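Peer 1: Pasting coords16.txt here (compact mmCIF, C-alpha atoms and all ligand atoms):
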```
# COMPACT_ATOMS: atom_id res chain seq x y z
CA MET A 1 -25.50 -13.32 35.37
CA ASN A 2 -24.30 -10.74 32.86
CA HIS A 3 -21.70 -11.49 30.24
CA PRO A 4 -20.06 -9.01 27.90
CA PHE A 5 -21.44 -11.10 25.02
CA ASP A 6 -24.56 -13.05 24.13
CA TYR A 7 -24.48 -16.77 23.67
CA GLU A 8 -26.72 -19.46 22.26
CA ILE A 9 -27.32 -22.77 23.98
CA ILE A 10 -27.51 -25.86 21.85
CA TYR A 11 -28.79 -28.87 23.80
CA SER A 12 -27.91 -32.31 22.57
CA SER A 13 -27.31 -35.83 23.79
CA ARG A 14 -23.65 -35.05 24.40
CA LYS A 15 -22.18 -35.81 27.85
CA THR A 16 -20.05 -32.69 28.43
CA ILE A 17 -20.52 -28.96 28.09
CA ALA A 18 -18.39 -26.97 25.68
CA ILE A 19 -18.10 -23.44 24.33
CA GLN A 20 -17.39 -22.56 20.75
CA VAL A 21 -16.74 -19.19 19.09
CA THR A 22 -17.63 -19.30 15.41
CA ARG A 23 -15.70 -17.52 12.69
CA ASP A 24 -18.47 -14.95 12.35
CA GLY A 25 -18.23 -14.15 16.06
CA ARG A 26 -21.14 -16.09 17.60
CA VAL A 27 -20.75 -17.82 20.96
CA LEU A 28 -22.30 -21.28 21.10
CA VAL A 29 -22.59 -23.38 24.24
CA ARG A 30 -23.12 -27.05 23.50
CA SER A 31 -24.70 -28.64 26.51
CA PRO A 32 -26.11 -31.98 27.67
CA ARG A 33 -29.90 -31.84 28.05
CA HIS A 34 -29.85 -32.12 31.84
CA CYS A 35 -27.80 -28.97 32.55
CA THR A 36 -29.68 -26.10 34.16
CA ARG A 37 -29.55 -22.57 32.89
CA SER A 38 -27.63 -21.38 35.96
CA TYR A 39 -25.08 -24.18 35.64
CA ILE A 40 -24.48 -23.19 32.01
CA ASP A 41 -24.22 -19.54 32.97
CA THR A 42 -21.61 -20.27 35.63
CA PHE A 43 -19.67 -22.33 33.12
CA VAL A 44 -19.75 -19.44 30.66
CA SER A 45 -18.54 -17.04 33.39
CA LYS A 46 -15.58 -19.22 34.18
CA ASN A 47 -14.60 -19.22 30.50
CA GLU A 48 -15.26 -15.57 29.85
CA ASP A 49 -11.60 -14.68 29.20
CA TRP A 50 -11.25 -17.50 26.71
CA VAL A 51 -14.41 -16.40 24.88
CA LEU A 52 -13.34 -12.74 24.77
CA LYS A 53 -9.98 -13.70 23.36
CA HIS A 54 -11.57 -15.75 20.61
CA LEU A 55 -14.15 -13.05 19.85
CA ALA A 56 -11.32 -10.53 19.43
CA ARG A 57 -9.55 -12.93 17.09
CA ALA A 58 -12.71 -13.50 15.04
CA LYS A 59 -13.17 -9.75 14.70
CA GLU A 60 -9.57 -9.32 13.63
CA LEU A 61 -9.92 -11.98 10.93
CA GLU A 62 -13.12 -10.32 9.74
CA GLU A 63 -11.30 -6.95 9.41
CA GLN A 64 -8.45 -8.56 7.52
CA LYS A 65 -10.89 -10.15 5.11
CA LYS A 66 -12.62 -6.80 4.52
CA ASN A 67 -9.33 -5.02 3.87
CA SER A 68 -7.90 -7.58 1.54
CA SER A 69 -11.05 -7.73 -0.56
CA SER A 70 -11.18 -3.93 -0.92
CA THR A 71 -7.68 -3.64 -2.38
CA HIS A 72 -7.20 -4.33 -6.06
CA PRO A 73 -5.91 -7.67 -7.34
CA PRO A 74 -2.19 -7.87 -8.16
CA LEU A 75 -1.19 -6.24 -11.42
CA SER A 76 -0.92 -8.75 -14.26
CA ALA A 77 2.32 -9.02 -16.24
CA LYS A 78 0.43 -7.92 -19.34
CA ASP A 79 -0.94 -4.77 -17.69
CA ARG A 80 2.44 -3.96 -16.20
CA SER A 81 4.20 -4.13 -19.56
CA ARG A 82 1.46 -1.95 -21.03
CA TYR A 83 2.10 0.69 -18.34
CA ILE A 84 5.83 0.41 -18.94
CA GLU A 85 5.35 1.07 -22.66
CA ILE A 86 3.22 4.13 -21.95
CA ALA A 87 5.81 5.34 -19.45
CA ARG A 88 8.63 4.84 -21.96
CA ASP A 89 6.82 7.00 -24.46
CA ILE A 90 6.03 9.76 -21.96
CA PHE A 91 9.50 9.86 -20.40
CA THR A 92 11.23 9.79 -23.78
CA ARG A 93 9.28 12.83 -24.93
CA LYS A 94 9.67 14.73 -21.67
CA THR A 95 13.40 14.02 -21.48
CA GLU A 96 13.91 15.22 -25.04
CA TYR A 97 11.94 18.36 -24.33
CA TYR A 98 13.68 19.31 -21.07
CA ALA A 99 17.18 18.27 -22.19
CA ARG A 100 16.89 20.75 -25.04
CA ILE A 101 15.79 23.56 -22.70
CA MET A 102 18.57 22.72 -20.22
CA GLY A 103 21.24 22.18 -22.85
CA VAL A 104 22.30 18.78 -21.54
CA SER A 105 22.89 15.41 -23.22
CA TYR A 106 21.82 11.99 -21.97
CA GLY A 107 22.26 8.32 -22.78
CA ARG A 108 19.79 5.46 -22.60
CA ILE A 109 16.39 5.79 -20.96
CA SER A 110 15.23 2.75 -18.95
CA ILE A 111 11.86 2.28 -17.35
CA ARG A 112 11.89 0.34 -14.11
CA GLU A 113 9.82 -0.50 -11.10
CA GLN A 114 12.04 0.07 -8.09
CA LYS A 115 10.39 0.34 -4.72
CA THR A 116 12.90 2.85 -3.42
CA ARG A 117 13.52 5.27 -6.25
CA TRP A 118 11.63 7.35 -8.74
CA GLY A 119 14.51 8.05 -11.04
CA SER A 120 18.28 7.98 -11.36
CA CYS A 121 21.04 9.27 -13.55
CA SER A 122 24.33 7.42 -14.02
CA SER A 123 27.68 9.13 -14.54
CA LYS A 124 27.38 8.26 -18.24
CA GLY A 125 24.02 9.99 -18.40
CA ASN A 126 21.86 6.88 -18.58
CA LEU A 127 18.47 7.62 -17.05
CA ASN A 128 16.09 5.38 -15.13
CA PHE A 129 12.50 6.29 -14.44
CA ASN A 130 9.92 4.47 -12.38
CA TRP A 131 6.87 3.74 -14.54
CA ARG A 132 4.51 4.31 -11.58
CA LEU A 133 5.19 8.03 -11.89
CA ILE A 134 2.77 8.14 -14.81
CA LEU A 135 0.03 7.72 -12.20
CA ALA A 136 1.14 10.96 -10.50
CA PRO A 137 0.19 14.54 -11.45
CA GLU A 138 2.10 15.78 -14.51
CA GLU A 139 4.17 18.34 -12.53
CA VAL A 140 5.60 15.43 -10.57
CA LEU A 141 6.82 13.65 -13.72
CA ASP A 142 8.29 16.90 -14.99
CA TYR A 143 10.09 17.37 -11.70
CA VAL A 144 11.64 13.89 -11.77
CA VAL A 145 12.80 14.35 -15.37
CA VAL A 146 14.29 17.78 -14.67
CA HIS A 147 15.85 16.48 -11.44
CA GLU A 148 17.65 13.65 -13.25
CA LEU A 149 18.74 15.90 -16.11
CA ALA A 150 20.09 18.46 -13.62
CA HIS A 151 22.44 15.69 -12.46
CA ARG A 152 24.11 16.03 -15.87
CA ARG A 153 25.51 19.27 -14.49
CA GLU A 154 25.72 18.52 -10.78
CA MET A 155 26.08 14.94 -9.54
CA ASN A 156 24.85 15.90 -6.07
CA HIS A 157 21.93 17.58 -4.34
CA SER A 158 23.72 20.84 -3.56
CA LYS A 159 22.29 24.36 -3.66
CA ALA A 160 23.76 24.71 -7.13
CA PHE A 161 21.88 21.57 -8.19
CA TYR A 162 18.53 22.85 -6.94
CA ALA A 163 19.19 26.25 -8.50
CA ILE A 164 19.32 24.47 -11.88
CA VAL A 165 16.07 22.61 -11.14
CA GLU A 166 14.40 25.84 -10.03
CA SER A 167 15.50 27.73 -13.14
CA VAL A 168 13.48 25.24 -15.21
CA LEU A 169 10.64 24.51 -12.77
CA PRO A 170 10.12 27.42 -10.35
CA ASP A 171 7.45 25.40 -8.47
CA TYR A 172 9.48 22.22 -8.14
CA ARG A 173 9.12 22.23 -4.32
CA ALA A 174 5.42 21.39 -4.55
CA ALA A 175 6.17 18.39 -6.77
CA ARG A 176 8.96 17.23 -4.48
CA LYS A 177 6.61 17.51 -1.49
CA TRP A 178 3.93 15.58 -3.36
CA LEU A 179 6.36 12.72 -3.91
CA ARG A 180 7.41 12.70 -0.27
CA ASP A 181 3.88 12.90 1.13
CA LYS A 182 1.87 10.97 -1.42
CA GLY A 183 4.38 8.99 -3.45
CA GLN A 184 3.42 5.84 -1.59
CA MET A 185 -0.04 6.12 -3.15
CA LEU A 186 1.44 5.25 -6.54
CA TRP A 187 2.00 1.74 -5.25
CA GLU A 188 -1.61 1.36 -4.21
CA MET A 189 -3.45 2.71 -7.25
CA VAL A 190 -2.91 -0.23 -9.59
ZN ZN A 201 19.00 13.20 -7.37
```
Write the structure described by the file as structure tokens, please.
Ligand SMILES: [Zn+2]
Peer 2:
Amino acid sequence: MNHPFDYEIIYSSRKTIAIQVTRDGRVLVRSPRHCTRSYIDTFVSKNEDWVLKHLARAKELEEQKKNSSSTHPPLSAKDRSRYIEIARDIFTRKTEYYARIMGVSYGRISIREQKTRWGSCSSKGNLNFNWRLILAPEEVLDYVVVHELAHRREMNHSKAFYAIVESVLPDYRAARKWLRDKGQMLWEMV
């Protein structure tokens, strides 16, 4: 009889026949010594669905193990605060630089790690930046800084708002696209 998988027979002094699928995806048939090969084969046929289900599960677990070992370990608190310090320095300098060019004022600069936003600007001009942006290409950081500073003139995303952004960064669309398409990567790098 043909089965969609190979199996090993392990004879022993046990009284009943049983099938086992190991974690590494081997099929073992534990059988009493007196069982014939054809009896065992018929038994395996009857349990084929069960075996296939467990083989699929073993494979799935194996994949999961592979994937979780290939991703990096969680970021330590110490490394995170180091990144935040670097980000604070970079964003402080960039904000100073672009605010002067754009002729706008601003308040406090905070560095955060918010899953859903890269930056924000309050009505008082306090700015938030996501530290993970420092892992992105420089044009992307520049875009986020200019975007938030442009809100000092326009608290919306109107045409007038983007005209301000474009006057400072003519290629801002590429950076915006990068964030939309690849921004998620910044959560996977470290
Ligand atoms: Zn905005």
Peer 1: Using all atoms listed in the file, which residues have at least one atom no more than 9 Å from ligand ZN 201 (chain A)? Output them as a list in words.
Peer 2: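 Checked against 9 Å with all atoms listed in the file; the hits are Gly119, Ser120, Cys121, Val144, His147, Glu148, Ala150, His151, Met155, Asn156, His157 and Phe161 of chain A.
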Peer 1: Could you jot down the CA of Pro74 (chain A) to CA of Lys182 (chain A) separation for me, Å, one decimal place?
Peer 2: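 Atom-to-atom, CA of Pro74 (chain A) to CA of Lys182 (chain A), that is 20.4 Å.
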Peer 1: Can you tell me, as a list in words, what residues are no more than 8 Å from region 41-47 of chain A when counting all atoms listed in the file, ignoring any on the same chain fewer than 4 positions away?
Peer 2: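 With the cut-off at 8 Å, the set is Met1, His3, Ile19, Arg37 and Val51 of chain A.
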Peer 1: In Å, how far is it from CA of Ser122 (chain A) to CA of Met185 (chain A)?
Peer 2: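 A separation of 26.7 Å between them.
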Peer 1: Could you please give me, as a VMD selection string, the residues of protein, DNA or RNA lying at most 9 Å from (6.9, -3.5, -2.4) in the coordinate frame of the file, considering all atoms listed in the file?
Peer 2: chain A and resid 114 to 116 187
Peer 1: Ranking A:Asp79, A:Tyr143, A:Arg180, A:Leu61 by minimum distance to Tyr162 (chain A) and counting only C-alpha atoms, which one comes first?
Peer 2: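 Closest to Tyr162 (chain A), using only C-alpha atoms: A:Tyr143.
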Peer 1: Identify which of the residues A:Trp131, A:Tyr39, A:Tyr97, A:Trp50 lies closest to Ile84 (chain A), counting only C-alpha atoms when measuring atom-to-atom distances.
Peer 2: A:Trp131
Peer 1: Excluding Val165 (chain A) and residues on its chain fewer than 5 positions from it, collect all residues at most 12 Å away from it, counting all atoms listed in the file, and give them as a PyMOL selection string.
Peer 2: chain A and resi 98-99+101-102+142-154+157-160+170-173+175-176
Peer 1: Compute the distance from (3.3, 5.5, -13.3) to each atom, counting all atoms listed in the file, keep the residues with any atom at most 12 Å away, and return them as a PyMOL selection string; use the coordinates of the file.
Peer 2: chain A and resi 79-91+111-114+118-119+129-138+140-141+144+183-190
Peer 1: Which residues come within 8 Å of Asn126 (chain A), counting only C-alpha atoms, excluding same-chain residues fewer than 2 positions away, as number ranges by chain?
Peer 2: A: 106-110, 121-124, 128
Peer 1: With all atoms listed in the file as the basis for distance, which of A:Glu96, A:Glu63, A:Glu139, A:Glu48 is at the shortest distance from Asn2 (chain A)?
Peer 2: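 Of A:Glu96, A:Glu63, A:Glu139, A:Glu48, the one nearest Asn2 (chain A) is A:Glu48, counting all atoms listed in the file.
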